[in-house]
Every structure is written in structure tokens, then in C-alpha cells.
$ cat upload-v7.cif   # mmCIF, C-alpha atoms
data_model
#
loop_
_atom_site.label_atom_id
_atom_site.label_comp_id
_atom_site.auth_asym_id
_atom_site.auth_seq_id
_atom_site.Cartn_x
_atom_site.Cartn_y
_atom_site.Cartn_z
CA MET A 1 86.62 64.40 78.54
CA ILE A 2 87.43 68.03 77.79
CA ILE A 3 86.91 70.59 80.52
CA ARG A 4 87.26 74.33 80.18
CA LEU A 5 88.48 76.32 83.14
CA MET A 6 87.43 79.81 82.17
CA GLY A 7 90.46 82.07 82.24
CA TYR A 8 92.86 79.13 82.02
CA GLY A 9 91.83 77.22 78.90
CA GLN A 10 90.96 73.58 78.32
CA TYR A 11 92.05 70.41 80.07
CA GLN A 12 91.74 66.73 79.22
CA LEU A 13 90.40 64.84 82.23
CA GLU A 14 89.82 61.11 82.55
CA GLU A 15 86.22 60.03 83.11
CA LYS A 16 87.07 58.38 86.43
CA TYR A 17 87.52 61.80 88.02
CA LEU A 18 84.05 62.97 87.07
CA ASP A 19 82.36 61.61 90.21
CA ASN A 20 84.60 63.62 92.50
CA LEU A 21 84.13 66.69 90.38
CA ASN A 22 80.36 66.29 90.59
CA ARG A 23 80.61 65.87 94.33
CA ILE A 24 82.32 69.26 94.70
CA ASP A 25 79.83 70.76 92.28
CA ASN A 26 76.91 69.46 94.34
CA GLN A 27 78.42 70.87 97.51
CA LEU A 28 78.54 74.21 95.74
CA VAL A 29 74.86 74.00 94.86
CA THR A 30 74.00 73.67 98.55
CA ILE A 31 76.46 76.37 99.55
CA VAL A 32 75.00 78.83 97.07
CA GLN A 33 71.47 77.94 98.18
CA ASN A 34 72.47 78.65 101.78
CA ASN A 35 74.16 81.88 100.81
CA ASP A 36 77.21 80.60 102.66
CA GLN A 37 79.95 83.08 101.75
CA GLU A 38 82.67 81.52 103.85
CA ASN A 39 82.24 78.00 102.52
CA PHE A 40 81.89 79.24 98.98
CA GLN A 41 85.31 80.85 99.11
CA LYS A 42 86.76 77.68 100.55
CA THR A 43 85.05 75.18 98.25
CA TYR A 44 84.97 76.91 94.87
CA PRO A 45 88.76 76.90 94.35
CA LYS A 46 88.71 73.13 94.98
CA LEU A 47 86.74 72.59 91.79
CA ILE A 48 89.39 74.37 89.74
CA GLN A 49 92.33 72.90 91.58
CA TYR A 50 90.93 69.40 91.11
CA VAL A 51 90.91 69.78 87.33
CA GLN A 52 94.34 71.38 87.29
CA LYS A 53 95.73 68.57 89.43
CA HIS A 54 94.29 65.61 87.55
CA GLY A 55 93.89 67.05 84.07
CA THR A 56 96.32 67.76 81.24
CA PRO A 57 96.18 71.12 79.47
CA LEU A 58 95.25 70.88 75.78
CA PRO A 59 97.68 72.36 73.25
CA ASP A 60 97.01 76.04 72.45
CA ASP A 61 96.51 75.46 68.74
CA GLU A 62 93.76 72.86 69.04
CA ILE A 63 90.12 73.84 68.75
CA HIS A 64 87.59 71.69 70.61
CA GLU A 65 84.24 72.05 72.27
CA SER A 66 84.20 71.32 75.99
CA GLN A 67 81.92 68.86 77.75
CA ILE A 68 82.19 70.82 80.99
CA ILE A 69 82.72 74.52 81.53
CA ILE A 70 83.83 75.86 84.89
CA PRO A 71 83.48 79.61 85.58
CA PRO A 72 86.49 81.87 86.36
CA ASP A 73 88.50 81.38 89.56
CA ASP A 74 87.55 84.79 90.94
CA LEU A 75 83.83 84.02 90.75
CA THR A 76 81.89 85.57 93.62
CA LEU A 77 78.95 84.03 95.45
CA GLU A 78 76.71 86.71 93.94
CA GLU A 79 77.87 85.78 90.44
CA ALA A 80 77.36 82.10 91.17
CA LYS A 81 73.76 82.89 92.11
CA LYS A 82 73.33 84.68 88.82
CA ILE A 83 74.60 81.65 86.92
CA PHE A 84 72.07 79.47 88.73
CA THR A 85 69.18 81.77 87.90
CA GLY A 86 70.23 81.67 84.27
CA GLU A 87 71.19 85.35 84.08
CA GLY A 88 74.77 84.34 83.46
CA ILE A 89 77.86 86.45 83.76
CA LEU A 90 78.59 86.82 80.05
CA GLU A 91 77.96 89.99 78.10
CA ASP A 92 75.70 89.67 75.07
CA MET B 1 71.74 71.16 87.93
CA GLY B 2 75.17 72.11 89.17
CA LEU B 3 77.29 75.14 88.55
CA MET B 4 79.24 73.41 85.77
CA ASP B 5 76.10 72.44 83.84
CA ARG B 6 74.65 75.91 84.18
CA MET B 7 77.82 77.57 82.99
CA GLY B 8 77.94 75.17 80.05
CA THR B 9 74.38 76.11 79.10
CA VAL B 10 75.17 79.82 79.31
CA VAL B 11 78.20 79.49 77.05
CA LYS B 12 76.51 77.14 74.58
CA SER B 13 73.59 79.49 74.08
CA LYS B 14 76.06 82.21 73.19
CA VAL B 15 77.80 79.90 70.75
CA SER B 16 74.58 78.90 69.01
CA LYS B 17 73.78 82.57 68.43
CA VAL B 18 76.90 82.80 66.27
CA LEU B 19 76.04 79.62 64.39
CA ASP B 20 72.50 80.77 63.66
CA LYS B 21 73.56 84.12 62.33
CA PHE B 22 74.06 83.20 58.67
CA GLU B 23 72.27 81.06 56.13
CA ASP B 24 75.49 80.14 54.40
CA PRO B 25 77.82 78.46 56.92
CA ARG B 26 80.84 79.69 54.96
CA GLU B 27 79.88 83.19 55.92
CA THR B 28 79.92 82.08 59.54
CA LEU B 29 83.57 81.15 59.08
CA ASP B 30 84.56 84.60 57.85
CA TYR B 31 82.42 86.39 60.39
CA SER B 32 83.85 84.35 63.22
CA TYR B 33 87.39 84.96 62.00
CA GLN B 34 86.82 88.74 61.97
CA LYS B 35 85.49 88.54 65.53
CA GLN B 36 88.54 86.55 66.55
CA LEU B 37 90.92 89.16 65.20
CA GLU B 38 88.98 91.82 67.10
CA MET B 39 89.24 89.74 70.23
CA VAL B 40 93.01 89.35 69.86
CA ARG B 41 93.29 93.14 69.69
CA LYS B 42 91.06 93.47 72.74
CA VAL B 43 93.17 91.08 74.79
CA LYS B 44 96.34 92.93 73.79
CA ARG B 45 94.76 96.18 74.97
CA GLY B 46 93.71 94.48 78.18
CA VAL B 47 97.27 93.30 78.83
CA ALA B 48 98.56 96.84 78.22
CA GLU B 49 96.00 98.31 80.61
CA VAL B 50 96.78 95.90 83.39
CA THR B 51 100.50 96.56 82.91
CA THR B 52 99.99 100.33 83.14
CA SER B 53 97.88 100.00 86.27
CA LYS B 54 100.48 97.81 87.87
CA LYS B 55 103.25 100.29 87.07
CA ARG B 56 101.24 103.09 88.62
CA LEU B 57 100.74 101.15 91.83
CA GLU B 58 104.43 100.28 91.94
CA LEU B 59 105.29 103.96 91.62
CA GLN B 60 102.94 104.73 94.47
CA ARG B 61 104.58 102.04 96.51
CA THR B 62 107.98 103.68 96.05
CA LYS B 63 106.61 107.05 97.14
CA LEU B 64 104.80 105.55 100.09
CA ARG B 65 108.00 103.88 101.27
CA LEU B 66 109.80 107.24 101.11
CA ASN B 67 107.06 108.83 103.22
CA ILE B 68 107.32 106.07 105.78
CA GLU B 69 111.06 106.60 106.00
CA LYS B 70 110.59 110.34 106.33
CA HIS B 71 108.04 110.07 109.13
CA ALA B 72 110.26 107.62 110.99
CA LYS B 73 113.14 110.11 110.84
CA GLN B 74 110.87 112.93 111.95
CA ALA B 75 109.68 110.95 114.95
CA LYS B 76 113.26 110.36 115.98
CA ALA B 77 114.21 114.03 115.56
CA ALA B 78 111.12 115.13 117.51
CA LEU B 79 111.94 112.80 120.36
CA ALA B 80 115.54 114.08 120.43
CA ALA B 81 114.09 117.59 120.82
CA ASP B 82 111.89 116.31 123.63
CA ARG B 83 108.70 116.75 121.68
CA GLU B 84 106.81 113.53 122.27
CA ASP B 85 103.61 115.04 120.88
CA LEU B 86 105.26 115.64 117.52
CA ALA B 87 106.84 112.20 117.52
CA ARG B 88 103.42 110.73 118.17
CA THR B 89 101.91 112.57 115.21
CA ALA B 90 104.71 111.41 112.93
CA LEU B 91 104.36 107.80 114.07
CA THR B 92 100.58 107.91 113.57
CA LEU B 93 101.09 109.05 109.99
CA LYS B 94 103.66 106.34 109.50
CA ALA B 95 101.29 103.67 110.82
CA GLY B 96 98.59 104.77 108.38
CA GLU B 97 101.04 104.66 105.53
CA GLU B 98 102.19 101.20 106.52
CA THR B 99 98.62 99.93 106.37
CA GLU B 100 98.25 101.43 102.92
CA LEU B 101 101.52 99.82 101.88
CA GLU B 102 100.33 96.41 102.93
CA GLU B 103 97.16 96.82 100.92
CA LEU B 104 99.12 98.09 97.98
CA ASN B 105 101.38 95.05 98.06
CA GLN B 106 98.33 92.82 97.90
CA GLN B 107 96.88 94.75 94.99
CA ILE B 108 100.13 94.64 93.07
CA ALA B 109 100.25 90.88 93.60
CA ASN B 110 96.66 90.58 92.33
CA LEU B 111 97.43 92.61 89.23
CA GLN B 112 100.54 90.54 88.64
CA HIS B 113 98.38 87.41 88.67
CA GLU B 114 95.85 89.08 86.36
CA GLN B 115 98.62 90.15 84.00
CA GLU B 116 100.11 86.67 83.79
CA LYS B 117 96.72 85.11 83.20
CA LEU B 118 95.84 87.57 80.46
CA MET B 119 99.19 87.13 78.74
CA ALA B 120 98.68 83.37 78.71
CA THR B 121 95.20 84.00 77.33
CA GLU B 122 96.60 86.13 74.55
CA LYS B 123 99.08 83.44 73.60
CA ARG B 124 96.43 80.75 73.64
CA LEU B 125 93.93 82.75 71.62
CA SER B 126 96.51 83.78 69.03
CA ALA B 127 97.49 80.14 68.50
CA LYS B 128 93.83 79.14 68.17
CA VAL B 129 93.02 81.94 65.75
CA GLU B 130 95.94 80.90 63.57
CA ALA B 131 94.75 77.28 63.67
CA PHE B 132 91.24 78.43 62.79
CA ARG B 133 92.51 80.47 59.86
CA SER B 134 94.18 77.52 58.18
CA LYS B 135 91.25 75.25 58.97
CA LYS B 136 88.87 77.78 57.47
CA GLU B 137 90.78 77.78 54.17
CA THR B 138 90.86 73.99 54.08
CA ILE B 139 87.15 73.71 54.73
CA LYS B 140 86.35 76.22 52.03
CA ALA B 141 88.59 74.55 49.48
CA GLN B 142 88.17 70.85 50.11
CA TYR B 143 84.76 69.98 51.38
CA SER B 144 81.38 69.58 49.78
CA ALA B 145 78.62 71.81 51.15
CA ALA B 146 77.23 69.12 53.46
CA GLU B 147 80.62 68.10 54.83
CA ALA B 148 81.62 71.70 55.19
CA GLN B 149 78.54 72.35 57.31
CA VAL B 150 79.64 69.76 59.87
CA LYS B 151 83.26 70.91 59.91
CA ILE B 152 82.20 74.52 60.24
CA THR B 153 79.88 73.80 63.14
CA GLU B 154 82.67 71.93 64.91
CA SER B 155 85.34 74.54 64.58
CA VAL B 156 83.10 77.56 65.01
CA SER B 157 81.61 76.04 68.17
CA GLY B 158 85.05 75.37 69.57
CA ILE B 159 86.42 78.79 68.82
CA SER B 160 83.23 80.61 69.91
CA GLU B 161 83.51 78.94 73.27
CA GLU B 162 87.09 80.17 73.49
CA MET B 163 85.92 83.66 72.54
CA ALA B 164 83.27 83.68 75.25
CA ASP B 165 85.96 82.66 77.73
CA VAL B 166 88.48 85.26 76.56
CA GLY B 167 85.82 87.97 76.36
CA LEU B 168 84.89 87.39 79.97
CA ALA B 169 88.56 87.37 81.04
CA VAL B 170 89.13 90.73 79.38
CA GLN B 171 85.95 92.16 80.85
CA ARG B 172 86.92 91.09 84.36
CA ALA B 173 90.45 92.42 83.97
CA GLU B 174 89.01 95.75 82.86
CA GLU B 175 86.67 95.91 85.84
CA LYS B 176 89.56 95.21 88.15
CA THR B 177 91.83 97.89 86.69
CA GLU B 178 88.90 100.32 86.74
CA GLY B 179 88.39 99.76 90.46
CA MET B 180 92.12 100.05 90.99
CA ARG B 181 92.26 103.39 89.19
CA ALA B 182 89.75 105.01 91.55
CA ARG B 183 91.66 103.80 94.58
CA ALA B 184 94.98 104.83 93.08
CA SER B 185 93.71 108.41 92.68
CA ALA B 186 92.67 108.53 96.32
CA LEU B 187 96.03 107.15 97.35
CA ASP B 188 97.81 109.72 95.19
CA GLU B 189 96.27 112.47 97.30
CA LEU B 190 97.31 110.81 100.52
CA ILE B 191 100.88 110.38 99.31
CA GLU B 192 100.98 113.95 98.09
CA LEU B 193 99.84 115.16 101.49
CA GLY B 194 102.43 113.08 103.29
CA SER B 195 105.30 114.18 101.10
CA LEU B 196 104.68 117.94 101.05
CA GLU B 197 107.80 119.60 102.31
CA ASP B 198 109.48 122.98 102.39
CA SER B 199 106.53 124.75 100.85
CA LEU B 200 105.83 127.80 102.97
CA GLU B 201 102.11 127.42 103.20
CA GLY B 202 100.33 124.23 104.10
CA GLY B 203 103.56 122.24 104.28
CA ASP B 204 104.15 119.28 106.49
CA ALA B 205 103.26 120.51 109.98
CA ILE B 206 105.79 118.27 111.70
CA GLU B 207 108.52 119.38 109.38
CA ARG B 208 107.72 123.04 110.13
CA GLU B 209 107.78 122.56 113.86
CA LEU B 210 111.01 120.63 113.71
CA ALA B 211 112.52 123.41 111.61
CA ALA B 212 111.34 125.98 114.17
CA ILE B 213 112.92 123.96 116.98
CA LYS B 214 116.15 123.75 115.04
CA GLU B 215 116.10 127.47 114.36
CA LYS B 216 115.46 128.27 117.98
CA THR B 217 118.25 125.99 119.09
CA SER B 218 120.73 127.59 116.73
CA VAL B 219 119.71 131.09 117.90
CA GLU B 220 120.19 130.00 121.49
CA ASP B 221 123.57 128.51 120.65
CA GLU B 222 124.68 131.66 118.93
CA LEU B 223 123.46 133.82 121.78
CA LEU B 224 125.45 131.72 124.18
CA ALA B 225 128.56 132.03 122.05
CA LEU B 226 128.05 135.76 121.72
CA ARG B 227 127.63 136.12 125.46
CA GLU B 228 130.93 134.32 125.98
CA GLU B 229 132.62 136.65 123.53
CA VAL B 230 131.20 139.78 125.21
CA LYS B 231 132.32 138.49 128.58
CA LYS B 232 135.87 138.11 127.34
CA GLU B 233 136.05 141.64 126.03
#

$ encode --input "upload-v7.cif" --output "C-alpha cells"
Amino acid sequence: MIIRLMGYGQYQLEEKYLDNLNRIDNQLVTIVQNNDQENFQKTYPKLIQYVQKHGTPLPDDEIHESQIIIPPDDLTLEEAKKIFTGEGILED
Amino acid sequence: MGLMDRMGTVVKSKVSKVLDKFEDPRETLDYSYQKQLEMVRKVKRGVAEVTTSKKRLELQRTKLRLNIEKHAKQAKAALAADREDLARTALTLKAGEETELEELNQQIANLQHEQEKLMATEKRLSAKVEAFRSKKETIKAQYSAAEAQVKITESVSGISEEMADVGLAVQRAEEKTEGMRARASALDELIELGSLEDSLEGGDAIERELAAIKEKTSVEDELLALREEVKKE
């Protein structure tokens, strides 16, 4: 499975890690819903670190689509809310 | 839906905009390639901007350190002249400067991280653009229209995703350096104020008072010496 960490590029991650990744992602959903700044700052980096720890970076000169895209590591809670409402953080 | 799914949807909708732009998919290839070259230039500019900002902060750090040293010396001189009030003023200034220094160190570290990330991004994108270029030629030369369509969708999707990623990285780096610039200007004023010396008007108040004390002491010393001389005569 190919995962993109925005700002860091793509990683190959084995399927068996997906459950744990989803678990962190679900925690984040609740945290964002609760507007819980403190826990957001603690939990969000875990998502990125998990991929970096268990994944292997793809070579620079390969072009693939990703199955999962994770926003940048300096994402704020406000920006996360925007992603959830579909506004996104990308310029048109 | 989680954060990852949402982000994926956001990026994919951007990618499909590129794919839907042209009737002839071969045109998509050329269009995308032009955009990629633009993006490479943009990242390079971004790296240069972050580097400049970092240098400016480092320069400020050097000046701030000099001011801290100066105010420490002044405090000592003031205390030697029995002027605790002046020493206190100097130490207060020094404390403020030390707080600024700490913040500055953090900002420099942040910019360093940003710079490294952006440089890695530039390297990655350049390699991908080069790979895309050769793929583009192969697709154009070797595939039938139907096959080409599939190949084009694959590679344009992949590279468009990369472009969305890189675009956002550059945008965020720019926002950060922008914010840094405003703060750096404010800090410039503070440093300027702390390092004013020897100018007659509006100079460093502590420096002036210390100079006055020194002057007075030397006048007193000379008077004393003169008195001794007169006595001898």
C-alpha cells in the first residue's frame, strides 16, 4: 500500500499496519470534533511517525498514485477542521 | 470518514481537474509537464527565500548576543560605580534580550527544518519530473490511442498528486517566511535601540550616565592631583 505523507513524499506500507493507522485516524476524528487542541498536537504527529517507522520511502524517480494521503506535519487543528468540512487546505 | 480519507478526496479532486482539462490526453501530458517545470522553479525560489530568511535571523542573533554582552558589562561597571539603579536598568534590558534570543533560536531551528524539507522536496520533484519526461515521450511514441489513455491517466494522476503536495509545501513555507519577516523587522528596531552608542542625542542612556560618572571621577582625580601639586609649591 502506498501512503503519501505530504511534505515528505511517498512510503510503501504493509497492509497489516493499516488497522493501527486507522485507529489513530479515528482518535483524531473525535479529537477534532471535541476541538481538543492539546490532544490534537499530541496525537497528530503519531500518525506521521507511525508511517515513517513502519514504511519504506519510495524512490524519488517513481511516479505512483497513493492509496492514502496524510496532510502535512505542521497541520493545525483549525486546518484539520477545514479538511473535514471539505474546504480543504489546497489552493485552487 | 477519517482525516486520511478526507485529505485523499481533496487531493484526488484536484488531480481529476487536470485530467479533465483536455479532450486529447496527449495534450494533458504536455500541459502537465509545463506545470511541473513551473513547480520546480517555484520550489527553488521557495528554498532561496527560506535560506535568506534564516540568514537574516542568524544575523540578528549575532547582534542580539553583542547587546547582551554589552548590557552585562554595563551592569558591572554601574555596580562598581555604586549605581545600583543603572545596573538594574542594564540587567532588565539584558533579560529582555535573552528572552528574544531564546525565541530567535527556536525560529532559526524551525526555518532550518523547513529548509531541509523543502530541499528534499526539490530533489524529489526534480527526479519525478525527469522520470515523467521520459515516460511522456515513450507513451507518445509507442502506444496506441487507447493504451496511451490508460498510461497517461496513471502517470498524470501520480505526478499531479505530487504537484499538489509540493504546491502546498511551498505555500506553507512562504507563509512561514512571511510571518518571520514581520517579526524580524520588529526585532531589528529593538536591536537597533539596544546597540545605539556614542551618538550624542538619544544614545544609550546607561552608556551616557556611565560616561558622565567616568568623566566626573577623572575630574576629581585630577583635582586631587593638582591640589597635591599646589600644596608642594

$ resolve_selection --input "upload-v7.cif" --expression "the PyMOL selection byres ((chain B) within 9 of (chain A))" --output "JSON, numbers by chain"
{"B": [1, 2, 3, 4, 5, 6, 7, 8, 9, 10, 11, 14, 117, 118, 120, 121, 123, 124, 125, 126, 127, 128, 129, 130, 131, 132, 154, 155, 156, 157, 158, 159, 160, 161, 162, 164, 165, 166, 167, 168, 169, 171]}

$ residues_near_point --input "upload-v7.cif" --point "(75.2, 79.1, 59.3)" --cutoff "12 Å" --atoms "all atoms listed in the file" --output "PyMOL selection string"
chain B and resi 15-32+145-146+148-154+156-157

$ write_last_selection --input "upload-v7.cif" --atoms "C-alpha atoms" --output "PDB file, in the coordinates of the input"
ATOM      1  CA  VAL B  15      77.800  79.900  70.750  1.00  0.00           C
ATOM      2  CA  SER B  16      74.580  78.900  69.010  1.00  0.00           C
ATOM      3  CA  LYS B  17      73.780  82.570  68.430  1.00  0.00           C
ATOM      4  CA  VAL B  18      76.900  82.800  66.270  1.00  0.00           C
ATOM      5  CA  LEU B  19      76.040  79.620  64.390  1.00  0.00           C
ATOM      6  CA  ASP B  20      72.500  80.770  63.660  1.00  0.00           C
ATOM      7  CA  LYS B  21      73.560  84.120  62.330  1.00  0.00           C
ATOM      8  CA  PHE B  22      74.060  83.200  58.670  1.00  0.00           C
ATOM      9  CA  GLU B  23      72.270  81.060  56.130  1.00  0.00           C
ATOM     10  CA  ASP B  24      75.490  80.140  54.400  1.00  0.00           C
ATOM     11  CA  PRO B  25      77.820  78.460  56.920  1.00  0.00           C
ATOM     12  CA  ARG B  26      80.840  79.690  54.960  1.00  0.00           C
ATOM     13  CA  GLU B  27      79.880  83.190  55.920  1.00  0.00           C
ATOM     14  CA  THR B  28      79.920  82.080  59.540  1.00  0.00           C
ATOM     15  CA  LEU B  29      83.570  81.150  59.080  1.00  0.00           C
ATOM     16  CA  ASP B  30      84.560  84.600  57.850  1.00  0.00           C
ATOM     17  CA  TYR B  31      82.420  86.390  60.390  1.00  0.00           C
ATOM     18  CA  SER B  32      83.850  84.350  63.220  1.00  0.00           C
ATOM     19  CA  ALA B 145      78.620  71.810  51.150  1.00  0.00           C
ATOM     20  CA  ALA B 146      77.230  69.120  53.460  1.00  0.00           C
ATOM     21  CA  ALA B 148      81.620  71.700  55.190  1.00  0.00           C
ATOM     22  CA  GLN B 149      78.540  72.350  57.310  1.00  0.00           C
ATOM     23  CA  VAL B 150      79.640  69.760  59.870  1.00  0.00           C
ATOM     24  CA  LYS B 151      83.260  70.910  59.910  1.00  0.00           C
ATOM     25  CA  ILE B 152      82.200  74.520  60.240  1.00  0.00           C
ATOM     26  CA  THR B 153      79.880  73.800  63.140  1.00  0.00           C
ATOM     27  CA  GLU B 154      82.670  71.930  64.910  1.00  0.00           C
ATOM     28  CA  VAL B 156      83.100  77.560  65.010  1.00  0.00           C
ATOM     29  CA  SER B 157      81.610  76.040  68.170  1.00  0.00           C
TER      30      SER B 157
END

$ closest_residue --input "upload-v7.cif" --among "B:Leu224, B:Val219, B:Val47, B:Ala87" --to "Met119 in chain B" --atoms "all atoms listed in the file"
B:Val47

$ residues_around --input "upload-v7.cif" --residues "range 109-115 of chain B" --least-positions-apart "4" --cutoff "7 Å" --atoms "all atoms listed in the file" --output "list in words"
Val47, Val50, Thr51, Lys54, Asn105, Met119 and Ala173 of chain B

$ atom_distance --input "upload-v7.cif" --atom1 "CA of Leu193 in chain B" --atom2 "CA of Gln106 in chain B"
22.7 Å

$ residues_near_point --input "upload-v7.cif" --point "(106.9, 109.3, 110.8)" --cutoff "7 Å" --atoms "all atoms listed in the file" --output "list in words"
Ile68, Glu69, Lys70, His71, Ala72, Lys73, Gln74, Ala75, Ala90, Leu91, Leu93 and Lys94 of chain B

$ axis_aligned_box --input "upload-v7.cif" --around "range 17-29 of chain A" --padding-each-side "5 Å" --output "lines of an AutoDock Vina configuration file"
center_x = 81.2
center_y = 67.9
center_z = 92.3
size_x = 22.7
size_y = 22.6
size_z = 20.4

$ atom_distance --input "upload-v7.cif" --atom1 "CA of Ala81 in chain B" --atom2 "CA of Ile213 in chain B"
7.5 Å

$ resolve_selection --input "upload-v7.cif" --expression "the PyMOL selection byres ((chain A and resi 1) around 6)" --output "tab-separated table (two decimals) with C-alpha atoms, in the frame of the given file"
chain	number	residue	atom	x	y	z
A	2	ILE	CA	87.43	68.03	77.79
A	12	GLN	CA	91.74	66.73	79.22
A	13	LEU	CA	90.40	64.84	82.23

$ atom_distance --input "upload-v7.cif" --atom1 "CA of Met163 in chain B" --atom2 "CA of Lys35 in chain B"
8.6 Å

$ build_atoms --input "upload-v7.cif" --residues "range 75-93 of chain B" --atoms "N, CA, C and O atoms" --output "PDB file, in the frame of the given file"
ATOM      1  N   ALA B  75     110.024 111.378 113.596  1.00  0.00           N
ATOM      2  CA  ALA B  75     109.680 110.950 114.950  1.00  0.00           C
ATOM      3  C   ALA B  75     110.920 110.932 115.827  1.00  0.00           C
ATOM      4  O   ALA B  75     110.910 111.378 116.976  1.00  0.00           O
ATOM      5  N   LYS B  76     111.998 110.444 115.241  1.00  0.00           N
ATOM      6  CA  LYS B  76     113.260 110.360 115.980  1.00  0.00           C
ATOM      7  C   LYS B  76     113.762 111.769 116.334  1.00  0.00           C
ATOM      8  O   LYS B  76     114.145 112.035 117.483  1.00  0.00           O
ATOM      9  N   ALA B  77     113.745 112.660 115.352  1.00  0.00           N
ATOM     10  CA  ALA B  77     114.210 114.030 115.560  1.00  0.00           C
ATOM     11  C   ALA B  77     113.349 114.731 116.609  1.00  0.00           C
ATOM     12  O   ALA B  77     113.869 115.452 117.470  1.00  0.00           O
ATOM     13  N   ALA B  78     112.035 114.487 116.560  1.00  0.00           N
ATOM     14  CA  ALA B  78     111.120 115.130 117.510  1.00  0.00           C
ATOM     15  C   ALA B  78     111.402 114.655 118.934  1.00  0.00           C
ATOM     16  O   ALA B  78     111.417 115.457 119.869  1.00  0.00           O
ATOM     17  N   LEU B  79     111.660 113.362 119.041  1.00  0.00           N
ATOM     18  CA  LEU B  79     111.940 112.800 120.360  1.00  0.00           C
ATOM     19  C   LEU B  79     113.263 113.356 120.909  1.00  0.00           C
ATOM     20  O   LEU B  79     113.388 113.656 122.104  1.00  0.00           O
ATOM     21  N   ALA B  80     114.241 113.530 120.027  1.00  0.00           N
ATOM     22  CA  ALA B  80     115.540 114.080 120.430  1.00  0.00           C
ATOM     23  C   ALA B  80     115.349 115.502 120.945  1.00  0.00           C
ATOM     24  O   ALA B  80     116.077 115.954 121.833  1.00  0.00           O
ATOM     25  N   ALA B  81     114.359 116.215 120.385  1.00  0.00           N
ATOM     26  CA  ALA B  81     114.090 117.590 120.820  1.00  0.00           C
ATOM     27  C   ALA B  81     113.079 117.609 121.967  1.00  0.00           C
ATOM     28  O   ALA B  81     112.535 118.654 122.294  1.00  0.00           O
ATOM     29  N   ASP B  82     112.804 116.411 122.498  1.00  0.00           N
ATOM     30  CA  ASP B  82     111.890 116.310 123.630  1.00  0.00           C
ATOM     31  C   ASP B  82     110.460 116.704 123.281  1.00  0.00           C
ATOM     32  O   ASP B  82     109.768 117.285 124.102  1.00  0.00           O
ATOM     33  N   ARG B  83     110.082 116.423 122.072  1.00  0.00           N
ATOM     34  CA  ARG B  83     108.700 116.750 121.680  1.00  0.00           C
ATOM     35  C   ARG B  83     107.932 115.471 121.391  1.00  0.00           C
ATOM     36  O   ARG B  83     107.744 115.086 120.238  1.00  0.00           O
ATOM     37  N   GLU B  84     107.490 114.800 122.432  1.00  0.00           N
ATOM     38  CA  GLU B  84     106.810 113.530 122.270  1.00  0.00           C
ATOM     39  C   GLU B  84     105.528 113.681 121.447  1.00  0.00           C
ATOM     40  O   GLU B  84     105.162 112.792 120.671  1.00  0.00           O
ATOM     41  N   ASP B  85     104.856 114.809 121.623  1.00  0.00           N
ATOM     42  CA  ASP B  85     103.610 115.040 120.880  1.00  0.00           C
ATOM     43  C   ASP B  85     103.849 114.976 119.367  1.00  0.00           C
ATOM     44  O   ASP B  85     103.114 114.342 118.623  1.00  0.00           O
ATOM     45  N   LEU B  86     104.930 115.637 118.953  1.00  0.00           N
ATOM     46  CA  LEU B  86     105.260 115.640 117.520  1.00  0.00           C
ATOM     47  C   LEU B  86     105.641 114.236 117.038  1.00  0.00           C
ATOM     48  O   LEU B  86     105.251 113.793 115.968  1.00  0.00           O
ATOM     49  N   ALA B  87     106.415 113.563 117.866  1.00  0.00           N
ATOM     50  CA  ALA B  87     106.840 112.200 117.520  1.00  0.00           C
ATOM     51  C   ALA B  87     105.612 111.304 117.346  1.00  0.00           C
ATOM     52  O   ALA B  87     105.532 110.494 116.426  1.00  0.00           O
ATOM     53  N   ARG B  88     104.647 111.513 118.221  1.00  0.00           N
ATOM     54  CA  ARG B  88     103.420 110.730 118.170  1.00  0.00           C
ATOM     55  C   ARG B  88     102.677 110.965 116.839  1.00  0.00           C
ATOM     56  O   ARG B  88     102.231 110.030 116.187  1.00  0.00           O
ATOM     57  N   THR B  89     102.577 112.231 116.476  1.00  0.00           N
ATOM     58  CA  THR B  89     101.910 112.570 115.210  1.00  0.00           C
ATOM     59  C   THR B  89     102.611 111.899 114.029  1.00  0.00           C
ATOM     60  O   THR B  89     101.968 111.294 113.158  1.00  0.00           O
ATOM     61  N   ALA B  90     103.938 112.004 114.025  1.00  0.00           N
ATOM     62  CA  ALA B  90     104.710 111.410 112.930  1.00  0.00           C
ATOM     63  C   ALA B  90     104.504 109.897 112.874  1.00  0.00           C
ATOM     64  O   ALA B  90     104.310 109.311 111.798  1.00  0.00           O
ATOM     65  N   LEU B  91     104.506 109.266 114.030  1.00  0.00           N
ATOM     66  CA  LEU B  91     104.360 107.800 114.070  1.00  0.00           C
ATOM     67  C   LEU B  91     102.942 107.378 113.655  1.00  0.00           C
ATOM     68  O   LEU B  91     102.760 106.328 113.031  1.00  0.00           O
ATOM     69  N   THR B  92     101.960 108.207 113.982  1.00  0.00           N
ATOM     70  CA  THR B  92     100.580 107.910 113.570  1.00  0.00           C
ATOM     71  C   THR B  92     100.478 107.936 112.041  1.00  0.00           C
ATOM     72  O   THR B  92      99.887 107.044 111.415  1.00  0.00           O
ATOM     73  N   LEU B  93     101.081 108.968 111.455  1.00  0.00           N
ATOM     74  CA  LEU B  93     101.090 109.050 109.990  1.00  0.00           C
ATOM     75  C   LEU B  93     101.774 107.830 109.397  1.00  0.00           C
ATOM     76  O   LEU B  93     101.302 107.229 108.434  1.00  0.00           O
TER      77      LEU B  93
END
